[in-house]
Amino acid sequence: MPSPRSSRERRAGCSSSGRPEFLSLVSQRSPVSPDSPSRRKESGSSAAAPMPEEDCMKLNPSFLGIALSSLLAIDLWASKRLGVCAGEGSTWGSARPLMKVIEISGHGIPWLLGTFYGLCQSDSSAAREVLLNLLFALLLDLVMVAVVKGIVKRPRPTHNKMDMFVTISVDKYSFPSGHATRAALVCRFVLRHLVLAIPLRVLMVLWVLIVSVSRVMLGRHNMTDVLFGLLLGYMLYSVVEYCWLSPLSAPALFALWSH
C-alpha cells in the first residue's frame with residue numbers, strides 16, 4: 001500500500017509537469033483575433049495617420065487642373081469631329097484638294113519668295129521699306145513658331161495625313177499652327193500698310209478665317225493650335241511695329257537693296 005507522502009509527491013509532480021504544457025498551449029492560441037478590441041484600436045490609429053502630400057494632391061486635384069483636362073478633352077473631341085477633310089474617305093473628302101490649295105496659300109515659302117521678288121523689283125524707297133519689314137515679319141514668324149513647337153512638342157492629331165507641302169523637322173509638332181500665325185500677322189500688316197478698297201480688306205480677313213478653319217478640317221491641327229496661332233501672329237505684328245526697319249535705323253540694309 002503506498003504511503004500518503006508518495007501519493008502527494010506524484011500529484012505534485014504531475015501538476016508541475018503538466019503546467020508548462022498548458023502554458024505553451026495557451027501561448028500558441030494567444031494571438032489577438034482580428035475582431036478583438038485591441039486590434040480594432042490599432043487599425044483605427046493607423047487609419048487616422050495623415051496621408052503624404054503627393055497622395056492628397058492625386059486624390060484631390062485642383063480646380064484648374066480639372067478645368068484644363070476638360071478643355072483638352074473637348075478640344076481633341078471637337079477637332080476630330082471637324083476633321084472632315086482629313087482623308088479621301090472622310091465626310092468631305094472630295095473637298096480635300098481645295099483645302100490643300102488653301103494650305104499652300106498660307107505656307108511660308110510662297111510668301112517669302114514673293115516678298116523677296118518684290119523687294120528685288122521695287123524702285124520705290126517707300127515700297128522697299130514696307131517689303132523689307134514684311135520680310136522681317138515673315139522670318140520672325142518662322143523663328144517664333146519653330147521655337148514654340150520645339151518647346152511644347154505637341155504631336156499632330158492622330159487622323160492627320162503627313163502629306164503636307166514642304167515640311168521641316170519641327171513640323172511634326174502641332175502647337176501652334178504656323179499657317180494661322182502667319183495669316184494673322186500678314187493680314188494685320190497688309191491692312192495697316194497697304195491702301196486697299198473695303199472689299200479687298202474684307203477678302204483679306206476672310207482669307208485668314210478660311211486658312212485657319214482649313215487647318216482643322218484637314219486634320220493638321222487641333223482647335224487650340226489654331227487659336228493660339230492667331231493670337232501669336234497678332235502679337236508678333238506689334239513686335240514688328242516696335243522694331244520697324246527704316247533707312248535711319250538700318251541704313252546698311254536699305255543700301256543693300258537700293259539700285
# chains A, B, ... in the order shown; residues from 1 in each chain; ligands from 1
call {"tool": "residues_around", "arguments": {"residues": "Tyr234 in chain A", "least_positions_apart": "2", "cutoff": "9 Å", "atoms": "only C-alpha atoms", "output": "PyMOL selection string"}}
result
chain A and resi 181+184-185+187-188+229-232+236-238
call {"tool": "residues_around", "arguments": {"residues": "Val145 in chain A", "least_positions_apart": "4", "cutoff": "9 Å", "atoms": "only C-alpha atoms", "output": "ChimeraX atom specification"}}
result
/A:140-141,149-150,175-178,181,229,232
call {"tool": "write_last_selection", "arguments": {"atoms": "N, CA and C atoms", "output": "short mmCIF file (atom, residue, chain, number, x, y, z; two decimals), in the first residue's frame"}}
result
data_model
loop_
_atom_site.label_atom_id
_atom_site.label_comp_id
_atom_site.auth_asym_id
_atom_site.auth_seq_id
_atom_site.Cartn_x
_atom_site.Cartn_y
_atom_site.Cartn_z
N LEU A 140 10.65 86.42 -88.67
CA LEU A 140 10.36 86.37 -87.23
C LEU A 140 9.28 85.34 -86.92
N ASP A 141 8.28 85.28 -87.79
CA ASP A 141 7.21 84.30 -87.61
C ASP A 141 7.76 82.87 -87.68
N LYS A 149 7.09 75.36 -81.06
CA LYS A 149 6.83 73.95 -81.38
C LYS A 149 7.90 73.06 -80.75
N GLY A 150 9.15 73.50 -80.79
CA GLY A 150 10.21 72.70 -80.19
C GLY A 150 10.11 72.61 -78.69
N PHE A 175 1.56 72.37 -82.12
CA PHE A 175 1.26 73.62 -81.40
C PHE A 175 2.42 74.60 -81.50
N PRO A 176 2.17 75.81 -82.03
CA PRO A 176 0.92 76.34 -82.58
C PRO A 176 0.86 76.12 -84.09
N SER A 177 -0.23 76.56 -84.70
CA SER A 177 -0.38 76.46 -86.15
C SER A 177 0.41 77.59 -86.82
N GLY A 178 1.42 77.22 -87.60
CA GLY A 178 2.20 78.22 -88.31
C GLY A 178 1.39 78.95 -89.37
N THR A 181 -0.70 81.54 -87.54
CA THR A 181 0.16 82.63 -87.08
C THR A 181 0.54 83.55 -88.23
N GLY A 229 -2.27 80.18 -82.48
CA GLY A 229 -1.53 80.70 -83.61
C GLY A 229 -2.03 82.07 -84.04
N LEU A 232 -0.81 84.53 -81.46
CA LEU A 232 0.62 84.76 -81.58
C LEU A 232 0.93 85.65 -82.78
#
